[in-house]
$ cat model_18.cif   # mmCIF, C-alpha atoms and all ligand atoms
data_start
#
loop_
_atom_site.label_atom_id
_atom_site.label_comp_id
_atom_site.auth_asym_id
_atom_site.auth_seq_id
_atom_site.Cartn_x
_atom_site.Cartn_y
_atom_site.Cartn_z
CA ALA A 1 0.00 0.00 0.00
CA GLN A 2 1.11 3.57 -0.64
CA ALA A 3 1.97 5.81 2.28
CA VAL A 4 -1.18 7.55 3.49
CA ILE A 5 -0.96 11.00 5.09
CA VAL A 6 -3.68 11.92 7.59
CA ALA A 7 -3.98 15.45 9.04
CA ILE A 8 -6.00 15.88 12.24
CA ASP A 9 -6.57 19.44 13.39
CA GLY A 10 -8.79 21.16 15.93
CA PRO A 11 -8.79 23.11 19.18
CA ALA A 12 -7.55 21.81 22.55
CA GLY A 13 -9.52 19.08 24.28
CA THR A 14 -11.33 17.67 21.24
CA GLY A 15 -9.58 14.31 21.55
CA LYS A 16 -7.01 14.85 18.80
CA SER A 17 -4.17 13.03 20.56
CA SER A 18 -6.15 10.02 21.76
CA THR A 19 -7.83 9.68 18.38
CA SER A 20 -4.66 10.16 16.33
CA LYS A 21 -2.64 7.63 18.34
CA ALA A 22 -5.38 5.00 18.18
CA VAL A 23 -5.94 5.48 14.44
CA ALA A 24 -2.19 5.25 13.75
CA THR A 25 -1.92 2.10 15.87
CA GLN A 26 -4.90 0.40 14.21
CA LEU A 27 -3.67 1.18 10.71
CA GLY A 28 0.05 0.58 11.32
CA LEU A 29 1.01 4.20 10.64
CA SER A 30 3.49 6.56 12.28
CA TYR A 31 2.25 9.37 14.53
CA LEU A 32 3.38 12.96 15.10
CA ASP A 33 2.14 15.27 17.86
CA THR A 34 3.00 18.75 16.55
CA GLY A 35 1.66 20.44 19.68
CA ALA A 36 4.40 18.61 21.63
CA GLN A 37 7.00 20.24 19.35
CA TYR A 38 5.64 23.73 20.02
CA ARG A 39 5.50 22.89 23.72
CA ALA A 40 9.11 21.64 23.58
CA ILE A 41 10.47 24.84 22.03
CA THR A 42 8.40 26.84 24.56
CA TRP A 43 9.88 24.78 27.41
CA TRP A 44 13.38 25.53 26.08
CA MET A 45 12.62 29.28 25.88
CA VAL A 46 11.29 29.32 29.45
CA THR A 47 14.20 27.24 30.76
CA ASN A 48 16.71 29.56 29.11
CA GLY A 49 15.09 32.73 30.42
CA ILE A 50 13.94 34.07 27.05
CA ASP A 51 11.30 36.80 27.40
CA ILE A 52 8.11 35.19 26.05
CA ASP A 53 6.58 38.63 25.38
CA ASP A 54 9.44 39.57 23.04
CA PRO A 55 8.96 37.99 19.58
CA THR A 56 12.31 39.39 18.39
CA ALA A 57 14.14 37.69 21.26
CA ILE A 58 12.31 34.43 20.52
CA ALA A 59 13.06 34.66 16.78
CA ALA A 60 16.77 35.23 17.47
CA VAL A 61 17.21 31.88 19.27
CA THR A 62 14.65 29.78 17.42
CA GLY A 63 17.29 27.67 15.68
CA LYS A 64 19.17 26.74 18.86
CA PRO A 65 17.33 23.81 20.47
CA GLU A 66 17.44 20.44 18.72
CA ILE A 67 13.94 18.95 18.88
CA VAL A 68 13.44 15.28 18.06
CA SER A 69 10.08 13.50 17.97
CA GLY A 70 9.66 9.73 18.13
CA THR A 71 6.81 8.59 15.86
CA ASP A 72 5.72 5.27 17.40
CA PRO A 73 2.04 5.79 18.36
CA ALA A 74 2.42 3.26 21.18
CA GLU A 75 5.21 5.30 22.75
CA PRO A 76 5.55 8.83 21.35
CA THR A 77 8.70 10.55 22.63
CA ILE A 78 10.03 14.10 22.52
CA THR A 79 13.51 15.33 23.37
CA VAL A 80 15.20 18.72 23.40
CA ASP A 81 18.99 18.55 23.04
CA GLY A 82 18.75 14.90 24.00
CA VAL A 83 16.72 15.52 27.18
CA ASP A 84 13.35 13.76 27.55
CA VAL A 85 10.80 16.56 28.03
CA ALA A 86 7.57 14.56 27.75
CA GLY A 87 6.65 15.47 31.36
CA PRO A 88 7.85 19.10 31.62
CA ILE A 89 6.05 20.19 28.42
CA ARG A 90 2.65 19.42 30.01
CA THR A 91 2.91 21.91 32.90
CA GLN A 92 0.45 24.79 33.23
CA GLU A 93 3.31 27.22 32.76
CA VAL A 94 4.16 25.81 29.32
CA SER A 95 0.45 25.56 28.40
CA SER A 96 -0.07 29.22 29.21
CA LYS A 97 2.99 30.37 27.22
CA VAL A 98 2.92 28.12 24.16
CA SER A 99 0.48 30.26 22.14
CA ALA A 100 2.79 33.30 22.33
CA VAL A 101 5.83 31.29 21.23
CA SER A 102 4.01 29.42 18.47
CA ALA A 103 2.71 32.71 17.00
CA VAL A 104 6.25 33.81 16.09
CA PRO A 105 6.71 33.27 12.32
CA GLU A 106 10.34 32.10 12.67
CA VAL A 107 9.25 29.45 15.16
CA ARG A 108 6.51 28.24 12.82
CA ALA A 109 8.87 28.10 9.85
CA ARG A 110 11.39 26.02 11.77
CA ILE A 111 8.88 23.61 13.31
CA THR A 112 6.97 23.24 10.03
CA GLU A 113 10.20 22.17 8.32
CA LEU A 114 10.77 19.51 11.00
CA GLN A 115 7.19 18.28 10.55
CA ARG A 116 7.47 17.95 6.78
CA ALA A 117 10.72 16.01 7.13
CA VAL A 118 9.14 13.58 9.60
CA ALA A 119 6.11 13.06 7.33
CA ALA A 120 8.31 12.52 4.26
CA GLY A 121 10.30 9.86 6.15
CA ALA A 122 7.27 7.84 7.27
CA GLU A 123 7.33 4.94 4.80
CA ARG A 124 3.97 3.44 5.68
CA GLY A 125 2.28 6.78 6.19
CA ILE A 126 1.56 8.95 9.20
CA VAL A 127 -1.14 10.59 11.29
CA VAL A 128 -0.12 14.18 12.09
CA GLU A 129 -2.13 16.13 14.65
CA GLY A 130 -2.09 19.88 15.25
CA ARG A 131 -3.72 23.17 14.35
CA ASP A 132 -2.49 23.98 10.82
CA ILE A 133 -1.58 20.59 9.37
CA GLY A 134 -4.33 20.48 6.75
CA THR A 135 -4.03 24.18 5.88
CA THR A 136 -0.27 24.78 5.90
CA VAL A 137 2.04 21.92 6.85
CA LEU A 138 0.64 19.14 4.64
CA PRO A 139 -1.89 20.72 2.27
CA ASP A 140 -1.77 17.60 0.05
CA ALA A 141 -2.70 15.19 2.86
CA ASP A 142 -4.85 12.24 1.69
CA LEU A 143 -7.35 12.87 4.47
CA LYS A 144 -7.98 15.98 6.56
CA VAL A 145 -10.12 15.80 9.68
CA PHE A 146 -11.15 18.78 11.80
CA LEU A 147 -12.31 17.78 15.29
CA THR A 148 -14.56 20.09 17.30
CA ALA A 149 -16.50 19.86 20.59
CA SER A 150 -18.35 22.28 22.84
CA PRO A 151 -16.15 24.23 25.30
CA GLU A 152 -17.92 22.39 28.16
CA ALA A 153 -17.10 18.96 26.75
CA ARG A 154 -13.51 19.97 26.08
CA ALA A 155 -13.02 21.36 29.58
CA ALA A 156 -14.58 18.25 31.13
CA ARG A 157 -12.22 15.96 29.20
CA ARG A 158 -9.17 18.04 30.02
CA SER A 159 -9.96 18.31 33.75
CA GLY A 160 -10.46 14.55 33.76
CA GLU A 161 -6.93 14.19 32.38
CA LEU A 162 -5.55 16.69 34.88
CA LYS A 163 -7.23 14.77 37.73
CA GLY A 164 -9.29 17.14 39.81
CA ALA A 165 -8.36 20.42 38.12
CA ASP A 166 -11.03 23.10 38.49
CA ILE A 167 -13.33 22.77 35.49
CA ASN A 168 -14.13 26.49 35.15
CA ALA A 169 -10.48 27.48 35.25
CA THR A 170 -9.69 24.73 32.74
CA ARG A 171 -12.42 25.94 30.38
CA GLU A 172 -11.21 29.52 30.59
CA ALA A 173 -7.62 28.51 29.88
CA LEU A 174 -8.69 26.41 26.87
CA VAL A 175 -10.92 29.12 25.41
CA LYS A 176 -8.15 31.70 25.86
CA ARG A 177 -5.57 29.48 24.15
CA ASP A 178 -7.93 28.71 21.22
CA ALA A 179 -8.69 32.41 20.76
CA ALA A 180 -4.96 33.18 20.62
CA ASP A 181 -4.26 30.25 18.25
CA SER A 182 -7.18 31.17 15.97
CA SER A 183 -6.39 34.88 15.74
CA ARG A 184 -2.62 34.80 15.14
CA LYS A 185 -1.40 36.04 11.74
CA THR A 186 0.77 33.10 10.68
CA SER A 187 -1.13 29.87 9.94
CA PRO A 188 -3.84 30.15 12.60
CA LEU A 189 -5.96 27.28 13.86
CA ALA A 190 -8.45 26.80 11.02
CA LYS A 191 -10.42 24.13 9.21
CA ALA A 192 -9.11 23.45 5.70
CA ASP A 193 -11.78 23.81 3.00
CA ASP A 194 -11.41 20.12 2.13
CA ALA A 195 -11.36 18.84 5.74
CA VAL A 196 -14.09 16.61 7.15
CA GLU A 197 -15.48 18.20 10.31
CA VAL A 198 -16.38 15.83 13.13
CA ASP A 199 -18.20 17.26 16.16
CA THR A 200 -17.19 14.95 19.02
CA THR A 201 -19.36 16.53 21.73
CA GLU A 202 -21.83 13.64 21.84
CA LEU A 203 -19.45 10.89 20.71
CA THR A 204 -17.36 8.47 22.73
CA LEU A 205 -13.65 8.20 21.96
CA ALA A 206 -14.27 4.75 20.42
CA GLN A 207 -16.86 6.26 18.06
CA VAL A 208 -14.52 9.04 16.96
CA ILE A 209 -11.72 6.53 16.32
CA GLU A 210 -14.02 4.31 14.27
CA CYS A 211 -15.24 7.28 12.27
CA VAL A 212 -11.70 8.41 11.37
CA VAL A 213 -10.50 4.85 10.59
CA THR A 214 -13.44 4.48 8.19
CA LEU A 215 -12.59 7.80 6.54
CA VAL A 216 -8.95 6.70 6.04
CA GLU A 217 -10.00 3.34 4.61
CA GLU A 218 -12.26 5.09 2.13
CA LYS A 219 -9.22 7.02 0.88
CA ARG A 220 -6.89 4.05 0.49
O1 LIG B 1 -1.99 20.21 20.88
P1 LIG B 1 -1.50 21.00 22.06
O2 LIG B 1 -2.62 21.52 22.90
O3 LIG B 1 -0.46 20.30 22.85
O4 LIG B 1 -0.79 22.26 21.39
C1 LIG B 1 -0.15 23.23 22.19
C2 LIG B 1 -0.07 24.56 21.44
O5 LIG B 1 0.86 24.47 20.35
C3 LIG B 1 -1.34 25.09 20.81
O6 LIG B 1 -2.15 25.77 21.75
C4 LIG B 1 -0.79 26.03 19.75
O7 LIG B 1 -0.42 27.27 20.31
C5 LIG B 1 0.47 25.33 19.32
N1 LIG B 1 0.31 24.56 18.08
C6 LIG B 1 0.36 25.22 16.89
N2 LIG B 1 0.31 24.53 15.71
C7 LIG B 1 0.19 23.20 15.70
C8 LIG B 1 0.09 22.48 16.92
C9 LIG B 1 0.14 23.20 18.09
O8 LIG B 1 0.47 26.44 16.87
N3 LIG B 1 0.17 22.55 14.53
#
$ encode --input "model_18.cif" --output "structure tokens" --more "lines below"
Ligand code: C5P
Amino acid sequence: AQAVIVAIDGPAGTGKSSTSKAVATQLGLSYLDTGAQYRAITWWMVTNGIDIDDPTAIAAVTGKPEIVSGTDPAEPTITVDGVDVAGPIRTQEVSSKVSAVSAVPEVRARITELQRAVAAGAERGIVVEGRDIGTTVLPDADLKVFLTASPEARAARRSGELKGADINATREALVKRDAADSSRKTSPLAKADDAVEVDTTELTLAQVIECVVTLVEEKR
């Protein structure tokens, strides 16, 4: 079979990661979490004392950290200069700063290049999840899916993951991050014209996975 490229975009808390990993596993494809890459470069900026409110300062050091993503959906990994950052990139501090860093055009250019190289190297095909995969990173993807869900559903899922986090605070943080990601100038969060939109509000994870697997099989 030819390599199949699947782009899965959407706001935070719609089930992109869980869905993408499961679809990749079921179909024997590679997997790339592009949000983890933006989180990784944000973690590096924070760790190195770069002023997050200064896009010029961010742009000046964008090329410094070496970011490597493992693409096994059963065990996705992410390292910065050889250091495993899978844990540290999920902190609230990184979550609250990632939108500012990922809005810097130089950051997007660098990370987009990494993403295209990973996709080109995936012999059996790949599921790539993010915000601008269908619109900018891989506009020729075989299948584009745009996942949505109500803010309430997204906050409930995310606070479940964060075990006991306050649901109102979680919802506010998600809505704020989506607004920033959707309104930035360079490749904002957006549904590609040829993407299939799936509203997951009333669906179980298993139903969303089945729906996307069926869509991929229709394309093969
Ligand atoms: O998917 P996740 O919530 O981990 O993404 C973290 C952040 O990375 C997003 O809020 C967004 O600012 C940025 N991002 C992006 N483009 C992508 C993926 C993520 O700008 N393709």
$ closest_residue --input "model_18.cif" --among "A:Thr200, A:Ser17, A:Thr136, A:Thr71" --to "Leu29 (chain A)" --atoms "only C-alpha atoms"
A:Thr71
$ atom_distance --input "model_18.cif" --atom1 "CA of Ala57 (chain A)" --atom2 "CA of Gly87 (chain A)"
25.5 Å
$ closest_residue --input "model_18.cif" --among "A:Gln207, A:Ser30, A:Ser102, A:Thr214" --to "Arg184 (chain A)" --atoms "all atoms listed in the file"
A:Ser102
$ closest_residue --input "model_18.cif" --among "A:Ala179, A:Ala109, A:Cys211, A:Ile50" --to "Leu147 (chain A)" --atoms "only C-alpha atoms"
A:Cys211
$ closest_atom_pairs --input "model_18.cif" --of "chain A" --to "ligand LIG 1 (chain B)" --cutoff "7 Å" --atoms "all atoms listed in the file" --output "JSON lines"
{"residue": "A:Ala12", "atom": "CA", "partner": "B:LIG1", "partner_atom": "O2", "distance": 5.0}
{"residue": "A:Thr34", "atom": "CA", "partner": "B:LIG1", "partner_atom": "C8", "distance": 4.7}
{"residue": "A:Gly35", "atom": "CA", "partner": "B:LIG1", "partner_atom": "O4", "distance": 3.5}
{"residue": "A:Ala36", "atom": "CA", "partner": "B:LIG1", "partner_atom": "O3", "distance": 5.3}
{"residue": "A:Tyr38", "atom": "CA", "partner": "B:LIG1", "partner_atom": "O5", "distance": 4.8}
{"residue": "A:Arg39", "atom": "CA", "partner": "B:LIG1", "partner_atom": "C1", "distance": 5.9}
{"residue": "A:Ser95", "atom": "CA", "partner": "B:LIG1", "partner_atom": "C1", "distance": 6.7}
{"residue": "A:Val98", "atom": "CA", "partner": "B:LIG1", "partner_atom": "O7", "distance": 5.2}
{"residue": "A:Ser99", "atom": "CA", "partner": "B:LIG1", "partner_atom": "O7", "distance": 3.6}
{"residue": "A:Ser102", "atom": "CA", "partner": "B:LIG1", "partner_atom": "O8", "distance": 4.9}
{"residue": "A:Ala103", "atom": "CA", "partner": "B:LIG1", "partner_atom": "O8", "distance": 6.7}
{"residue": "A:Glu129", "atom": "CA", "partner": "B:LIG1", "partner_atom": "N3", "distance": 6.8}
{"residue": "A:Gly130", "atom": "CA", "partner": "B:LIG1", "partner_atom": "N3", "distance": 3.6}
{"residue": "A:Arg131", "atom": "CA", "partner": "B:LIG1", "partner_atom": "N3", "distance": 3.9}
{"residue": "A:Asp132", "atom": "CA", "partner": "B:LIG1", "partner_atom": "N3", "distance": 4.8}
{"residue": "A:Ile133", "atom": "CA", "partner": "B:LIG1", "partner_atom": "N3", "distance": 5.8}
{"residue": "A:Arg177", "atom": "CA", "partner": "B:LIG1", "partner_atom": "O6", "distance": 5.6}
{"residue": "A:Asp178", "atom": "CA", "partner": "B:LIG1", "partner_atom": "O6", "distance": 6.5}
{"residue": "A:Asp181", "atom": "CA", "partner": "B:LIG1", "partner_atom": "O7", "distance": 5.3}
$ closest_residue --input "model_18.cif" --among "A:Val23, A:Gly28, A:Val104, A:Thr91" --to "Glu123 (chain A)" --atoms "only C-alpha atoms"
A:Gly28
$ residues_around --input "model_18.cif" --residues "Leu174 (chain A)" --least-positions-apart "4" --cutoff "10 Å" --atoms "all atoms listed in the file" --output "ChimeraX atom specification"
/A:11-13,95-96,151,154-155,158,168-170,178-180
$ closest_residue --input "model_18.cif" --among "A:Ala86, A:Ala24, A:Val101, A:Ala153" --to "Ile5 (chain A)" --atoms "only C-alpha atoms"
A:Ala24
$ residues_around --input "model_18.cif" --residues "Leu32 (chain A)" --least-positions-apart "4" --cutoff "10 Å" --atoms "all atoms listed in the file" --output "list in words"
Ala7, Ser17, Ser20, Lys21, Ala24, Ala36, Gln37, Ser69, Gly70, Thr71, Asp72, Pro73, Pro76, Thr77, Gln115, Val118, Ala119, Ile126, Val127, Val128, Glu129 and Gly130 of chain A
$ residues_around --input "model_18.cif" --residues "Thr62 (chain A)" --least-positions-apart "6" --cutoff "10 Å" --atoms "only C-alpha atoms" --output "list in words"
Ile41, Thr42, Trp44, Met45, Thr56, Val101, Val104, Glu106, Val107, Arg108, Ala109, Arg110 and Ile111 of chain A
$ atom_distance --input "model_18.cif" --atom1 "CA of Ile52 (chain A)" --atom2 "CA of Thr148 (chain A)"
28.6 Å
$ atom_distance --input "model_18.cif" --atom1 "CA of Gln2 (chain A)" --atom2 "CA of Asp194 (chain A)"
20.9 Å
$ residues_around --input "model_18.cif" --residues "Asp193 (chain A)" --least-positions-apart "3" --cutoff "10 Å" --atoms "only C-alpha atoms" --output "ChimeraX atom specification"
/A:134-135,144,190,196-197
$ write_last_selection --input "model_18.cif" --atoms "C-alpha atoms" --output "mmCIF file, in the coordinates of the input"
data_model
loop_
_atom_site.group_PDB
_atom_site.id
_atom_site.type_symbol
_atom_site.label_atom_id
_atom_site.label_comp_id
_atom_site.auth_asym_id
_atom_site.auth_seq_id
_atom_site.Cartn_x
_atom_site.Cartn_y
_atom_site.Cartn_z
ATOM 1 C CA GLY A 134 -4.330 20.480 6.750
ATOM 2 C CA THR A 135 -4.030 24.180 5.880
ATOM 3 C CA LYS A 144 -7.980 15.980 6.560
ATOM 4 C CA ALA A 190 -8.450 26.800 11.020
ATOM 5 C CA VAL A 196 -14.090 16.610 7.150
ATOM 6 C CA GLU A 197 -15.480 18.200 10.310
#
$ closest_residue --input "model_18.cif" --among "A:Ile209, A:Val83, A:Ala59, A:Val137" --to "Thr112 (chain A)" --atoms "all atoms listed in the file"
A:Val137
$ residues_around --input "model_18.cif" --residues "Lys185 (chain A)" --least-positions-apart "3" --cutoff "9 Å" --atoms "only C-alpha atoms" --output "number ranges by chain"
A: 103, 105, 182, 188
